[in-house]
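Have a look at the structure below before the remarks.
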Amino acid sequence: MRKVLLQVFICSFIYSCSTQKAAINKPITGLKFIGEYSLPYRTVFNGTTVGGLSSIDYAPAEDLYYLICDDRSDMIPARFYTARIYLTGKGIDSVGFINSVTLLQKNAAVYPNKKQDLYKVPDPEGLRLNRSNGTLVWTSEGERTVRQEGSVIVDPAINIAGTDGRLLDTFPLPPNMRIRKTESGPRQNGVFEGLAFADDYKTLYVSVEEPIYEDGPRAGLGDSTGWIRIIKYDVATKKQVAQYAYQIDPVVQEPISASAFKINGVPDILAINNHQLLVTERSFSTGRLGCNVRIYLADLEGAENIADITSLQKRPPLKPLQKKLLLNMDGLGRLIDNIEGATFGPTLSNGKRTLIFVADDNFSPGQKNQFLLFEIQN
């Protein structure tokens with residue numbers, strides 16, 4: 001059956017080539033839900049446990065999806081996967097994994113786990129394929145564990161790698177993105193999550209999940225004061241061009257215990273064109289099932305470059321990114337899990353482009369590696 005479905009899909013994809021460029025250039029007015037698919041818990045592929053899928057990126061020429069795993073080399077060495085997603089007229093039929101690739105350091109050594117070397121452990125979160133040169137960019141969130149008996153401070157990273165997983169280079173960090181023992185710079189586990197190429201792969205946008213300390217508190221209940229930063233890089237020079245301010249929503253639900261963990265932040269971004277981004281906001285509260293996910297259309301046009309502004313709490317941005325709600329997943333009538341990644345998918349036979357999200361199951365039996373398929377409305 002899968003071969004038949006694949007043949008139908010290939011025919012649809014070939015037809016879509018002539019309409020794909022037009023679909024990208026049209027304004028996005030909405031997202032129509034088509035269907036979902038969840039991987040069986042602890043799916044085993046190529047000797048690895050599949051889970052913790054924290055990003056997704058589609059390569060049309062290969063009809064291949066790249067998915068990074070956020071295993072910090074605890075189970076097996078850090079890695080990413082390639083896969084195919086088999087579509088039908090009703091949604092996603094199945095997900096078939098093609099390869100698992102170990103992420104490597106410059107010396108071709110695998111990344112260690114915490115017991116082997118606390119200071120070289122990766123925290124993979126975002127991954128995008130640079131189709132102009134065939135390399136990958138992937139992010140690591142670093143580490144900020146501050147304690148009297150010994151702190152562990154590891155900067156986040158924006159890495160360039162080959163498709164064989166080997167580290168080739170890195171993008172230099174702006175000074176305000178270095179992790180410190182003091183309450184300044186990025187927060188623990190709230191740094192680089194979203195990546196987006198724009199301008200024919202000449203520009204790379206990198207989003208910070210939560211506000212850095214200088215920019216104010218984390219998102220709370222009933223507030224709208226949290227600012228995160230989106231960094232713009234020139235890909236050729238690897239230099240920072242600008243930083244922009246994006247205001248995140250409040251946490252959606254009160255946790256079961258008032259003092260329990262809660263969060264709202266940005267796990268991923270996608271470039272629509274050279275001045276618009278699709279921004280995913282994900283809210284979670286301890287004790288509540290699933291997450292509250294909202295998709296926004298953010299406009300960079302006329303936004304202020306805040307790279308030289310030390311604190312957005314002391315000096316709020318004059319012209320932040322303008323955002324418009326495109327989709328509230330609460331209205332889909334289903335449990336939405338820990339959405340971490342988004343990608344534009346293939347174009348359907350009706351000429352409409354698709355958008356696919358993936359959720360990270362945190363290797364937990366109570367969560368799902370969930371794929372959500374949408375048709376883009378123009």
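Order determines the names: the first chain of the structure tokens is A, the second B, and so forth; residues in each chain are numbered 1 upward, and ligands are numbered 1 upward as they are shown.
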
Quiz item: Which parts of segment 51-281 of chain A does DSSP call strand (DSSP E) when run on the backbone here, written out as a PyMOL selection string?
Solution: chain A and resi 57-59+64-68+79-88+91-102+124-130+135-140+143-145+152-154+157-161+167-170+192-198+203-208+227-234+239-247+262-271+276-281

Practice problem: Would you kindly return, as a list of chain:residue names, each protein, DNA or RNA residue with an atom no farther than 9 Å from any atom of segment 343-346 of chain A, considering only C-alpha atoms and excluding same-chain residues fewer than 6 positions away? | Solution: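 Non-adjacent residues within range: A:Ser12, A:Phe13, A:Ser16, A:Gln20, A:Ser55, A:Ile56, A:Asp57, A:Tyr58, A:Ala59, A:Pro60, A:Asp63, A:Tyr65, A:Ile269, A:Leu270, A:Lys352, A:Arg353, A:Thr354, A:Leu355, A:Ile356, A:Phe357, A:Val358, A:Leu373.
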
Self-check item: Shell around His275 of chain A at 7 Å using only C-alpha atoms, local window under 5 positions removed, as a VMD selection string
Solution: chain A and resid 299 to 301

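Closest approach to Lys368 of chain A among A:Ser140, A:Asn273, A:Thr48, A:Asn338 is made by A:Asn338 (distances from only C-alpha atoms).
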
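In terms of minimum interatomic distance to Thr139 of chain A, A:Asp70 ranks closest within A:Glu36, A:Asp70, A:Glu183, A:Asp215, counting only C-alpha atoms.
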
Exercise. Would you please give, as a list of chain:residue names, all residues of segment 3-237 of chain A that DSSP assigns to alpha helix (DSSP H) based on the backbone?
Key: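 Secondary structure check on segment 3-237 of chain A, alpha helix (DSSP H): A:Lys3, A:Val4, A:Leu5, A:Leu6, A:Gln7, A:Val8, A:Phe9, A:Ile10, A:Cys11, A:Ser12, A:Phe13, A:Ile14, A:Tyr15, A:Ser16, A:Cys17, A:Ser18, A:Thr19, A:Gln20, A:Lys21, A:Ala22, A:Ala23, A:Ile24, A:Asn25.
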